[in-house]
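File shown here: final07.txt, holding compact mmCIF, N, CA and C atoms.
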```
# COMPACT_ATOMS: atom_id res chain seq x y z
N MET E 1 96.24 78.99 114.25
CA MET E 1 95.27 78.71 115.26
C MET E 1 93.91 78.57 114.59
N LYS E 2 93.19 77.51 114.95
CA LYS E 2 91.81 77.35 114.48
C LYS E 2 90.89 78.08 115.43
N PHE E 3 89.81 78.63 114.87
CA PHE E 3 88.86 79.39 115.66
C PHE E 3 87.44 79.00 115.28
N GLU E 4 86.59 78.81 116.28
CA GLU E 4 85.17 78.52 116.04
C GLU E 4 84.34 79.38 116.96
N TYR E 5 83.22 79.86 116.44
CA TYR E 5 82.30 80.68 117.22
C TYR E 5 80.89 80.32 116.79
N ASP E 6 80.00 80.15 117.74
CA ASP E 6 78.62 79.78 117.46
C ASP E 6 77.74 80.50 118.47
N ARG E 7 76.72 81.20 117.97
CA ARG E 7 75.86 81.95 118.88
C ARG E 7 74.47 82.11 118.27
N LEU E 8 73.46 82.05 119.12
CA LEU E 8 72.10 82.38 118.73
C LEU E 8 71.92 83.87 118.99
N VAL E 9 71.59 84.61 117.95
CA VAL E 9 71.44 86.07 118.04
C VAL E 9 69.96 86.40 117.97
N ASP E 10 69.49 87.18 118.92
CA ASP E 10 68.08 87.58 118.97
C ASP E 10 67.85 88.73 118.00
N ALA E 11 67.92 88.40 116.71
CA ALA E 11 67.72 89.37 115.63
C ALA E 11 67.34 88.59 114.37
N PRO E 12 66.52 89.18 113.52
CA PRO E 12 66.16 88.49 112.27
C PRO E 12 67.36 88.38 111.35
N VAL E 13 67.33 87.41 110.47
CA VAL E 13 68.46 87.14 109.58
C VAL E 13 68.82 88.36 108.75
N GLU E 14 67.83 89.16 108.32
CA GLU E 14 68.11 90.33 107.48
C GLU E 14 68.97 91.36 108.24
N ALA E 15 68.63 91.60 109.50
CA ALA E 15 69.40 92.56 110.31
C ALA E 15 70.81 92.04 110.56
N LEU E 16 70.91 90.76 110.84
CA LEU E 16 72.21 90.16 111.09
C LEU E 16 73.07 90.19 109.83
N TRP E 17 72.47 89.86 108.70
CA TRP E 17 73.21 89.88 107.44
C TRP E 17 73.75 91.27 107.13
N ALA E 18 72.93 92.29 107.32
CA ALA E 18 73.38 93.66 107.09
C ALA E 18 74.55 94.00 108.01
N ALA E 19 74.47 93.61 109.27
CA ALA E 19 75.52 93.90 110.24
C ALA E 19 76.82 93.18 109.91
N LEU E 20 76.74 92.15 109.10
CA LEU E 20 77.94 91.39 108.73
C LEU E 20 78.52 91.78 107.37
N THR E 21 77.73 92.48 106.54
CA THR E 21 78.19 92.71 105.18
C THR E 21 78.11 94.16 104.70
N GLU E 22 77.37 95.03 105.38
CA GLU E 22 77.19 96.40 104.92
C GLU E 22 77.98 97.37 105.80
N PRO E 23 78.90 98.16 105.21
CA PRO E 23 79.75 99.04 106.01
C PRO E 23 79.00 99.93 107.00
N ALA E 24 77.95 100.61 106.57
CA ALA E 24 77.22 101.53 107.47
C ALA E 24 76.58 100.76 108.62
N ALA E 25 76.04 99.59 108.35
CA ALA E 25 75.42 98.79 109.40
C ALA E 25 76.48 98.23 110.35
N MET E 26 77.64 97.86 109.82
CA MET E 26 78.71 97.32 110.66
C MET E 26 79.22 98.37 111.64
N GLU E 27 79.42 99.60 111.15
CA GLU E 27 80.00 100.66 111.98
C GLU E 27 79.23 100.90 113.27
N GLN E 28 77.91 100.84 113.20
CA GLN E 28 77.12 101.17 114.39
C GLN E 28 77.27 100.15 115.51
N HIS E 29 77.86 98.99 115.23
CA HIS E 29 78.04 97.96 116.25
C HIS E 29 79.49 97.81 116.70
N LEU E 30 80.38 98.63 116.14
CA LEU E 30 81.80 98.59 116.49
C LEU E 30 82.13 99.71 117.46
N PRO E 31 83.24 99.60 118.18
CA PRO E 31 83.62 100.66 119.13
C PRO E 31 83.69 102.02 118.45
N GLY E 32 83.39 103.08 119.21
CA GLY E 32 83.38 104.45 118.70
C GLY E 32 84.64 104.79 117.93
N GLY E 33 84.46 105.52 116.85
CA GLY E 33 85.59 105.94 116.04
C GLY E 33 86.02 104.93 114.99
N THR E 34 85.43 103.74 115.01
CA THR E 34 85.77 102.73 114.01
C THR E 34 85.12 103.11 112.68
N ARG E 35 85.88 102.98 111.62
CA ARG E 35 85.38 103.26 110.28
C ARG E 35 85.44 101.99 109.45
N VAL E 36 84.36 101.75 108.70
CA VAL E 36 84.31 100.64 107.76
C VAL E 36 84.02 101.24 106.40
N THR E 37 84.91 100.99 105.45
CA THR E 37 84.73 101.54 104.11
C THR E 37 84.81 100.43 103.07
N ALA E 38 84.02 100.61 102.02
CA ALA E 38 84.12 99.69 100.89
C ALA E 38 85.41 100.01 100.16
N ALA E 39 86.17 98.98 99.84
CA ALA E 39 87.46 99.16 99.17
C ALA E 39 87.47 98.41 97.85
N GLY E 40 86.34 98.40 97.19
CA GLY E 40 86.20 97.67 95.94
C GLY E 40 85.09 96.64 96.07
N SER E 41 84.89 95.91 95.01
CA SER E 41 83.85 94.88 94.99
C SER E 41 84.14 93.80 96.03
N GLU E 42 83.24 93.67 97.00
CA GLU E 42 83.34 92.64 98.04
C GLU E 42 84.59 92.80 98.90
N LYS E 43 85.11 94.03 98.99
CA LYS E 43 86.27 94.30 99.83
C LYS E 43 85.92 95.40 100.82
N LEU E 44 86.40 95.24 102.04
CA LEU E 44 86.16 96.22 103.10
C LEU E 44 87.47 96.56 103.79
N ARG E 45 87.54 97.75 104.35
CA ARG E 45 88.66 98.12 105.22
C ARG E 45 88.05 98.61 106.52
N VAL E 46 88.49 97.99 107.61
CA VAL E 46 88.06 98.37 108.95
C VAL E 46 89.25 99.06 109.61
N SER E 47 89.03 100.29 110.08
CA SER E 47 90.06 101.06 110.77
C SER E 47 89.56 101.40 112.16
N MET E 48 90.32 100.95 113.17
CA MET E 48 89.92 101.22 114.55
C MET E 48 91.13 101.46 115.42
N LYS E 49 90.94 102.25 116.46
CA LYS E 49 91.99 102.48 117.44
C LYS E 49 91.85 101.43 118.54
N ILE E 50 92.97 100.83 118.88
CA ILE E 50 93.01 99.79 119.91
C ILE E 50 93.79 100.34 121.11
N PRO E 51 93.16 100.44 122.29
CA PRO E 51 93.93 100.91 123.45
C PRO E 51 94.94 99.86 123.91
N MET E 52 96.18 100.29 124.03
CA MET E 52 97.27 99.42 124.49
C MET E 52 98.10 100.23 125.48
N GLY E 53 97.67 100.24 126.74
CA GLY E 53 98.35 101.07 127.73
C GLY E 53 98.13 102.53 127.39
N PHE E 54 99.22 103.29 127.29
CA PHE E 54 99.09 104.70 126.96
C PHE E 54 99.05 104.94 125.45
N LEU E 55 99.19 103.90 124.66
CA LEU E 55 99.14 104.01 123.20
C LEU E 55 97.74 103.68 122.69
N ARG E 56 97.39 104.26 121.55
CA ARG E 56 96.14 103.95 120.87
C ARG E 56 96.40 103.85 119.37
N PRO E 57 97.13 102.81 118.95
CA PRO E 57 97.45 102.71 117.52
C PRO E 57 96.20 102.42 116.69
N THR E 58 96.24 102.90 115.46
CA THR E 58 95.16 102.60 114.52
C THR E 58 95.49 101.28 113.83
N VAL E 59 94.56 100.38 113.87
CA VAL E 59 94.71 99.09 113.22
C VAL E 59 93.84 99.10 111.97
N ASN E 60 94.42 98.77 110.84
CA ASN E 60 93.67 98.66 109.59
C ASN E 60 93.61 97.19 109.20
N VAL E 61 92.41 96.71 108.99
CA VAL E 61 92.21 95.32 108.57
C VAL E 61 91.50 95.32 107.23
N ASP E 62 92.10 94.70 106.25
CA ASP E 62 91.48 94.54 104.94
C ASP E 62 90.79 93.20 104.88
N ILE E 63 89.52 93.22 104.44
CA ILE E 63 88.68 92.02 104.40
C ILE E 63 88.18 91.84 102.97
N ARG E 64 88.27 90.62 102.48
CA ARG E 64 87.75 90.30 101.15
C ARG E 64 86.72 89.19 101.28
N LEU E 65 85.48 89.49 100.89
CA LEU E 65 84.41 88.50 100.92
C LEU E 65 84.43 87.67 99.64
N SER E 66 84.02 86.41 99.75
CA SER E 66 83.91 85.55 98.58
C SER E 66 82.80 84.53 98.81
N ASN E 67 82.38 83.90 97.74
CA ASN E 67 81.32 82.87 97.80
C ASN E 67 80.12 83.35 98.61
N VAL E 68 79.68 84.56 98.32
CA VAL E 68 78.57 85.17 99.05
C VAL E 68 77.24 84.59 98.58
N SER E 69 76.47 84.07 99.52
CA SER E 69 75.12 83.57 99.27
C SER E 69 74.20 84.39 100.17
N PHE E 70 73.48 85.34 99.59
CA PHE E 70 72.69 86.34 100.31
C PHE E 70 71.86 85.73 101.44
N ASN E 71 71.96 86.35 102.64
CA ASN E 71 71.23 85.93 103.85
C ASN E 71 71.50 84.49 104.25
N ASP E 72 72.64 83.94 103.84
CA ASP E 72 72.93 82.55 104.14
C ASP E 72 74.38 82.34 104.59
N SER E 73 75.35 82.69 103.73
CA SER E 73 76.74 82.40 104.07
C SER E 73 77.70 83.21 103.20
N PHE E 74 78.93 83.29 103.67
CA PHE E 74 80.02 83.85 102.88
C PHE E 74 81.33 83.39 103.50
N GLU E 75 82.37 83.51 102.71
CA GLU E 75 83.72 83.25 103.19
C GLU E 75 84.46 84.57 103.15
N PHE E 76 85.51 84.69 103.94
CA PHE E 76 86.31 85.90 103.88
C PHE E 76 87.74 85.62 104.30
N ASP E 77 88.62 86.44 103.77
CA ASP E 77 89.99 86.42 104.26
C ASP E 77 90.31 87.82 104.72
N PHE E 78 91.26 87.93 105.63
CA PHE E 78 91.57 89.22 106.21
C PHE E 78 93.06 89.33 106.51
N GLU E 79 93.51 90.58 106.57
CA GLU E 79 94.90 90.87 106.89
C GLU E 79 94.96 92.23 107.56
N GLY E 80 95.67 92.31 108.67
CA GLY E 80 95.81 93.58 109.37
C GLY E 80 97.17 93.70 110.02
N LYS E 81 97.63 94.95 110.15
CA LYS E 81 98.93 95.21 110.77
C LYS E 81 98.87 96.50 111.56
N ALA E 82 99.66 96.55 112.63
CA ALA E 82 99.84 97.77 113.42
C ALA E 82 100.98 97.55 114.39
N MET E 83 101.84 98.54 114.51
CA MET E 83 102.90 98.57 115.52
C MET E 83 103.67 97.26 115.68
N GLY E 84 104.15 96.71 114.60
CA GLY E 84 104.98 95.52 114.70
C GLY E 84 104.22 94.23 114.95
N ALA E 85 102.93 94.24 114.74
CA ALA E 85 102.12 93.04 114.91
C ALA E 85 101.23 92.86 113.69
N GLY E 86 100.94 91.62 113.37
CA GLY E 86 100.09 91.36 112.22
C GLY E 86 99.18 90.18 112.46
N ILE E 87 98.12 90.15 111.69
CA ILE E 87 97.16 89.05 111.78
C ILE E 87 96.62 88.79 110.38
N THR E 88 96.52 87.53 110.01
CA THR E 88 95.93 87.13 108.74
C THR E 88 95.06 85.91 109.00
N GLY E 89 94.13 85.66 108.09
CA GLY E 89 93.32 84.47 108.27
C GLY E 89 92.26 84.32 107.20
N THR E 90 91.58 83.20 107.30
CA THR E 90 90.45 82.90 106.43
C THR E 90 89.34 82.34 107.31
N ALA E 91 88.10 82.55 106.88
CA ALA E 91 86.98 82.07 107.68
C ALA E 91 85.74 81.88 106.82
N ALA E 92 84.80 81.13 107.37
CA ALA E 92 83.49 80.93 106.75
C ALA E 92 82.44 81.33 107.77
N MET E 93 81.44 82.09 107.31
CA MET E 93 80.36 82.57 108.17
C MET E 93 79.05 82.06 107.61
N THR E 94 78.21 81.50 108.47
CA THR E 94 76.86 81.10 108.07
C THR E 94 75.86 81.72 109.04
N VAL E 95 74.70 82.06 108.51
CA VAL E 95 73.60 82.57 109.32
C VAL E 95 72.37 81.74 108.97
N VAL E 96 71.68 81.25 110.00
CA VAL E 96 70.53 80.38 109.79
C VAL E 96 69.39 80.82 110.70
N PRO E 97 68.24 81.22 110.13
CA PRO E 97 67.11 81.57 110.99
C PRO E 97 66.76 80.38 111.89
N ASP E 98 66.51 80.64 113.16
CA ASP E 98 66.19 79.58 114.11
C ASP E 98 64.72 79.20 113.94
N ALA E 99 64.46 77.93 113.67
CA ALA E 99 63.09 77.46 113.43
C ALA E 99 62.22 77.56 114.68
N ALA E 100 62.81 77.39 115.84
CA ALA E 100 62.04 77.39 117.09
C ALA E 100 61.79 78.79 117.63
N LEU E 101 62.70 79.72 117.38
CA LEU E 101 62.57 81.07 117.93
C LEU E 101 62.43 82.07 116.80
N THR E 102 61.22 82.49 116.51
CA THR E 102 60.98 83.45 115.45
C THR E 102 61.75 84.74 115.74
N GLY E 103 62.45 85.24 114.73
CA GLY E 103 63.21 86.47 114.89
C GLY E 103 64.62 86.27 115.40
N SER E 104 65.01 85.03 115.65
CA SER E 104 66.37 84.74 116.09
C SER E 104 67.14 84.04 114.97
N THR E 105 68.45 84.21 114.99
CA THR E 105 69.30 83.67 113.94
C THR E 105 70.55 83.07 114.55
N ARG E 106 70.90 81.88 114.12
CA ARG E 106 72.14 81.23 114.54
C ARG E 106 73.26 81.71 113.63
N VAL E 107 74.37 82.15 114.23
CA VAL E 107 75.54 82.56 113.47
C VAL E 107 76.68 81.61 113.83
N ARG E 108 77.37 81.14 112.79
CA ARG E 108 78.51 80.23 112.99
C ARG E 108 79.69 80.75 112.19
N LEU E 109 80.83 80.77 112.86
CA LEU E 109 82.06 81.24 112.24
C LEU E 109 83.14 80.19 112.51
N THR E 110 83.80 79.75 111.46
CA THR E 110 84.93 78.84 111.61
C THR E 110 86.06 79.38 110.74
N GLY E 111 87.27 79.26 111.23
CA GLY E 111 88.38 79.75 110.43
C GLY E 111 89.71 79.49 111.06
N THR E 112 90.73 80.03 110.42
CA THR E 112 92.09 79.94 110.93
C THR E 112 92.68 81.34 110.99
N VAL E 113 93.52 81.55 111.99
CA VAL E 113 94.16 82.85 112.21
C VAL E 113 95.65 82.61 112.41
N GLN E 114 96.45 83.45 111.76
CA GLN E 114 97.89 83.41 111.96
C GLN E 114 98.31 84.79 112.47
N THR E 115 99.16 84.80 113.48
CA THR E 115 99.66 86.06 114.02
C THR E 115 101.15 86.19 113.68
N SER E 116 101.63 87.42 113.72
CA SER E 116 103.06 87.67 113.49
C SER E 116 103.52 88.81 114.38
N GLY E 117 104.81 88.96 114.46
CA GLY E 117 105.39 90.04 115.23
C GLY E 117 105.05 89.92 116.71
N LEU E 118 104.70 91.03 117.32
CA LEU E 118 104.42 91.07 118.76
C LEU E 118 103.26 90.17 119.17
N LEU E 119 102.32 89.93 118.28
CA LEU E 119 101.19 89.06 118.63
C LEU E 119 101.61 87.61 118.84
N LYS E 120 102.76 87.22 118.30
CA LYS E 120 103.25 85.84 118.49
C LYS E 120 103.54 85.56 119.96
N LYS E 121 103.74 86.61 120.75
CA LYS E 121 104.05 86.44 122.17
C LYS E 121 102.81 86.21 123.02
N ILE E 122 101.63 86.38 122.43
CA ILE E 122 100.37 86.20 123.15
C ILE E 122 99.86 84.80 122.85
N SER E 123 99.43 84.10 123.88
CA SER E 123 98.96 82.72 123.68
C SER E 123 97.70 82.68 122.82
N ASP E 124 97.55 81.58 122.09
CA ASP E 124 96.36 81.39 121.26
C ASP E 124 95.09 81.46 122.10
N SER E 125 95.11 80.92 123.31
CA SER E 125 93.91 80.93 124.15
C SER E 125 93.49 82.35 124.51
N LYS E 126 94.45 83.24 124.72
CA LYS E 126 94.11 84.64 125.03
C LYS E 126 93.56 85.35 123.80
N ILE E 127 94.13 85.08 122.65
CA ILE E 127 93.63 85.68 121.41
C ILE E 127 92.22 85.16 121.12
N GLU E 128 92.01 83.88 121.32
CA GLU E 128 90.69 83.30 121.10
C GLU E 128 89.66 83.89 122.06
N ALA E 129 90.01 84.04 123.33
CA ALA E 129 89.10 84.62 124.32
C ALA E 129 88.78 86.07 123.98
N ALA E 130 89.78 86.84 123.58
CA ALA E 130 89.55 88.24 123.21
C ALA E 130 88.66 88.33 121.97
N SER E 131 88.87 87.45 121.01
CA SER E 131 88.06 87.44 119.79
C SER E 131 86.61 87.08 120.10
N ALA E 132 86.41 86.06 120.92
CA ALA E 132 85.05 85.66 121.30
C ALA E 132 84.36 86.79 122.06
N GLY E 133 85.08 87.46 122.96
CA GLY E 133 84.50 88.59 123.69
C GLY E 133 84.10 89.72 122.76
N PHE E 134 84.96 90.01 121.77
CA PHE E 134 84.65 91.05 120.79
C PHE E 134 83.38 90.68 120.02
N LEU E 135 83.29 89.43 119.57
CA LEU E 135 82.11 88.98 118.82
C LEU E 135 80.86 89.01 119.69
N ASP E 136 80.97 88.60 120.95
CA ASP E 136 79.83 88.66 121.87
C ASP E 136 79.32 90.10 121.99
N ASP E 137 80.23 91.06 122.17
CA ASP E 137 79.84 92.46 122.28
C ASP E 137 79.18 92.95 120.98
N TYR E 138 79.76 92.54 119.86
CA TYR E 138 79.23 92.96 118.56
C TYR E 138 77.80 92.46 118.38
N PHE E 139 77.59 91.17 118.62
CA PHE E 139 76.25 90.62 118.40
C PHE E 139 75.25 91.08 119.46
N ALA E 140 75.70 91.40 120.66
CA ALA E 140 74.81 91.99 121.67
C ALA E 140 74.33 93.36 121.18
N SER E 141 75.21 94.12 120.52
CA SER E 141 74.80 95.39 119.95
C SER E 141 73.79 95.20 118.82
N VAL E 142 73.99 94.18 117.99
CA VAL E 142 73.03 93.87 116.93
C VAL E 142 71.66 93.55 117.55
N GLU E 143 71.66 92.78 118.63
CA GLU E 143 70.41 92.44 119.31
C GLU E 143 69.71 93.69 119.85
N ARG E 144 70.46 94.58 120.51
CA ARG E 144 69.85 95.81 121.06
C ARG E 144 69.25 96.64 119.94
N SER E 145 69.97 96.78 118.86
CA SER E 145 69.50 97.56 117.71
C SER E 145 68.25 96.96 117.10
N SER E 146 68.22 95.64 117.02
CA SER E 146 67.08 94.93 116.43
C SER E 146 65.82 95.12 117.27
N ARG E 147 65.98 95.16 118.59
CA ARG E 147 64.82 95.35 119.48
C ARG E 147 64.24 96.76 119.38
N GLN E 148 65.08 97.73 118.99
CA GLN E 148 64.63 99.12 118.90
C GLN E 148 63.86 99.36 117.61
N ASP E 149 64.07 98.52 116.61
CA ASP E 149 63.42 98.72 115.31
C ASP E 149 61.96 98.37 115.34
```

Can you present the structure in this file as structure tokens?
Amino acid sequence: MKFEYDRLVDAPVEALWAALTEPAAMEQHLPGGTRVTAAGSEKLRVSMKIPMGFLRPTVNVDIRLSNVSFNDSFEFDFEGKAMGAGITGTAAMTVVPDAALTGSTRVRLTGTVQTSGLLKKISDSKIEAASAGFLDDYFASVERSSRQD
């Protein structure tokens, strides 16, 4: 499945960049209990509990950054598994300060996602909608944090 996301974030590029690349900055914008740890050079592990009915499995996603251009762009690949389901993919992220709105930054994400196991039973449109909703919540948190600074 191909995935695209584009949003103007009411935050300066430096704050947005930190929220996308620094474990401590990332954690504050993720659901409670989520941990982001450095797992080597340009590697991260995100561990979070996902509510699924009466279950709350821990999902671990390994992320590897590449072609990092500070405050501008990076590429990443990811892989995660939990309870008979898996997800892998590659993506490119760019951040561009908005010329018309001082303190705002355009974020663009394009990539491909492959699912396996139980996730294969969920339609691509539902996975895409859930992913976009997650990103909207994440960047709304970045905006709130940026306004408090």

Between CA of Ala82 (chain E) and CA of Lys120 (chain E), what is the distance, to one decimal in Å?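 Straight-line distance from CA of Ala82 (chain E) to CA of Lys120 (chain E) works out to 13.4 Å.
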
Contact check, region 15-60 of chain E to region 71-78 of chain E, at most 8 Å, counting all atoms listed in the file, closest pairs as a Markdown table:
```
| residue | atom | partner | partner_atom | distance |
| --- | --- | --- | --- | --- |
| E:Leu16 | C | E:Asn71 | CA | 7.6 |
| E:Trp17 | CA | E:Asn71 | CA | 5.7 |
| E:Ala18 | N | E:Asn71 | CA | 7.4 |
```

Using only C-alpha atoms, determine which residues lie at most 10 Å from Lys81 (chain E), disregarding the query and same-chain residues fewer than 5 positions distant; provide the list as JSON, numbers by chain. {"E": [58, 59, 60, 61, 62, 86, 87, 88, 115, 116, 117]}

Give the padded box for region 24-29 of chain E as JSON: axis-aligned, covering all atoms listed in the file, 3 Å on each side, centre and edge lengths in Å to one decimal.
```
{"center_x": 77.7, "center_y": 99.4, "center_z": 111.6, "size_x": 10.6, "size_y": 10.2, "size_z": 16.1}
```

What is the CA of Val36 (chain E) to CA of Pro97 (chain E) distance in Å? 25.9 Å

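If you look at CA of Ala132 (chain E) and CA of Ala91 (chain E), they are 14.2 Å away from each other.
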
Would you mind writing down, as a count of residues only, each residue of region 16-123 of chain E that DSSP on the backbone assigns to strand (DSSP E)? 59

Can you tell me which residues surround Ser125 (chain E) at a distance of at most 12 Å, considering only C-alpha atoms, apart from same-chain residues fewer than 6 positions away, and format the answer as a list in words?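 Those residues are Met1, Lys2, Phe3, Ser131 and Ala132 of chain E.
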
So which bits of region 11-128 of chain E end up alpha helix (DSSP H) when you DSSP the backbone, as a CSV table (one decimal) with N, CA and C atoms, in the frame of the given file?
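Okay, this is what ended up in part16.csv:
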```csv
chain,number,residue,atom,x,y,z
E,13,VAL,N,67.3,87.4,110.5
E,13,VAL,CA,68.5,87.1,109.6
E,13,VAL,C,68.8,88.4,108.8
E,14,GLU,N,67.8,89.2,108.3
E,14,GLU,CA,68.1,90.3,107.5
E,14,GLU,C,69.0,91.4,108.2
E,15,ALA,N,68.6,91.6,109.5
E,15,ALA,CA,69.4,92.6,110.3
E,15,ALA,C,70.8,92.0,110.6
E,16,LEU,N,70.9,90.8,110.8
E,16,LEU,CA,72.2,90.2,111.1
E,16,LEU,C,73.1,90.2,109.8
E,17,TRP,N,72.5,89.9,108.7
E,17,TRP,CA,73.2,89.9,107.4
E,17,TRP,C,73.8,91.3,107.1
E,18,ALA,N,72.9,92.3,107.3
E,18,ALA,CA,73.4,93.7,107.1
E,18,ALA,C,74.6,94.0,108.0
E,19,ALA,N,74.5,93.6,109.3
E,19,ALA,CA,75.5,93.9,110.2
E,19,ALA,C,76.8,93.2,109.9
E,20,LEU,N,76.7,92.2,109.1
E,20,LEU,CA,77.9,91.4,108.7
E,20,LEU,C,78.5,91.8,107.4
E,21,THR,N,77.7,92.5,106.5
E,21,THR,CA,78.2,92.7,105.2
E,21,THR,C,78.1,94.2,104.7
E,23,PRO,N,78.9,98.2,105.2
E,23,PRO,CA,79.8,99.0,106.0
E,23,PRO,C,79.0,99.9,107.0
E,24,ALA,N,78.0,100.6,106.6
E,24,ALA,CA,77.2,101.5,107.5
E,24,ALA,C,76.6,100.8,108.6
E,25,ALA,N,76.0,99.6,108.4
E,25,ALA,CA,75.4,98.8,109.4
E,25,ALA,C,76.5,98.2,110.4
E,26,MET,N,77.6,97.9,109.8
E,26,MET,CA,78.7,97.3,110.7
E,26,MET,C,79.2,98.4,111.6
E,27,GLU,N,79.4,99.6,111.2
E,27,GLU,CA,80.0,100.7,112.0
E,27,GLU,C,79.2,100.9,113.3
E,124,ASP,N,97.6,81.6,122.1
E,124,ASP,CA,96.4,81.4,121.3
E,124,ASP,C,95.1,81.5,122.1
E,125,SER,N,95.1,80.9,123.3
E,125,SER,CA,93.9,80.9,124.2
E,125,SER,C,93.5,82.4,124.5
E,126,LYS,N,94.4,83.2,124.7
E,126,LYS,CA,94.1,84.6,125.0
E,126,LYS,C,93.6,85.4,123.8
E,127,ILE,N,94.1,85.1,122.6
E,127,ILE,CA,93.6,85.7,121.4
E,127,ILE,C,92.2,85.2,121.1
E,128,GLU,N,92.0,83.9,121.3
E,128,GLU,CA,90.7,83.3,121.1
E,128,GLU,C,89.7,83.9,122.1
```
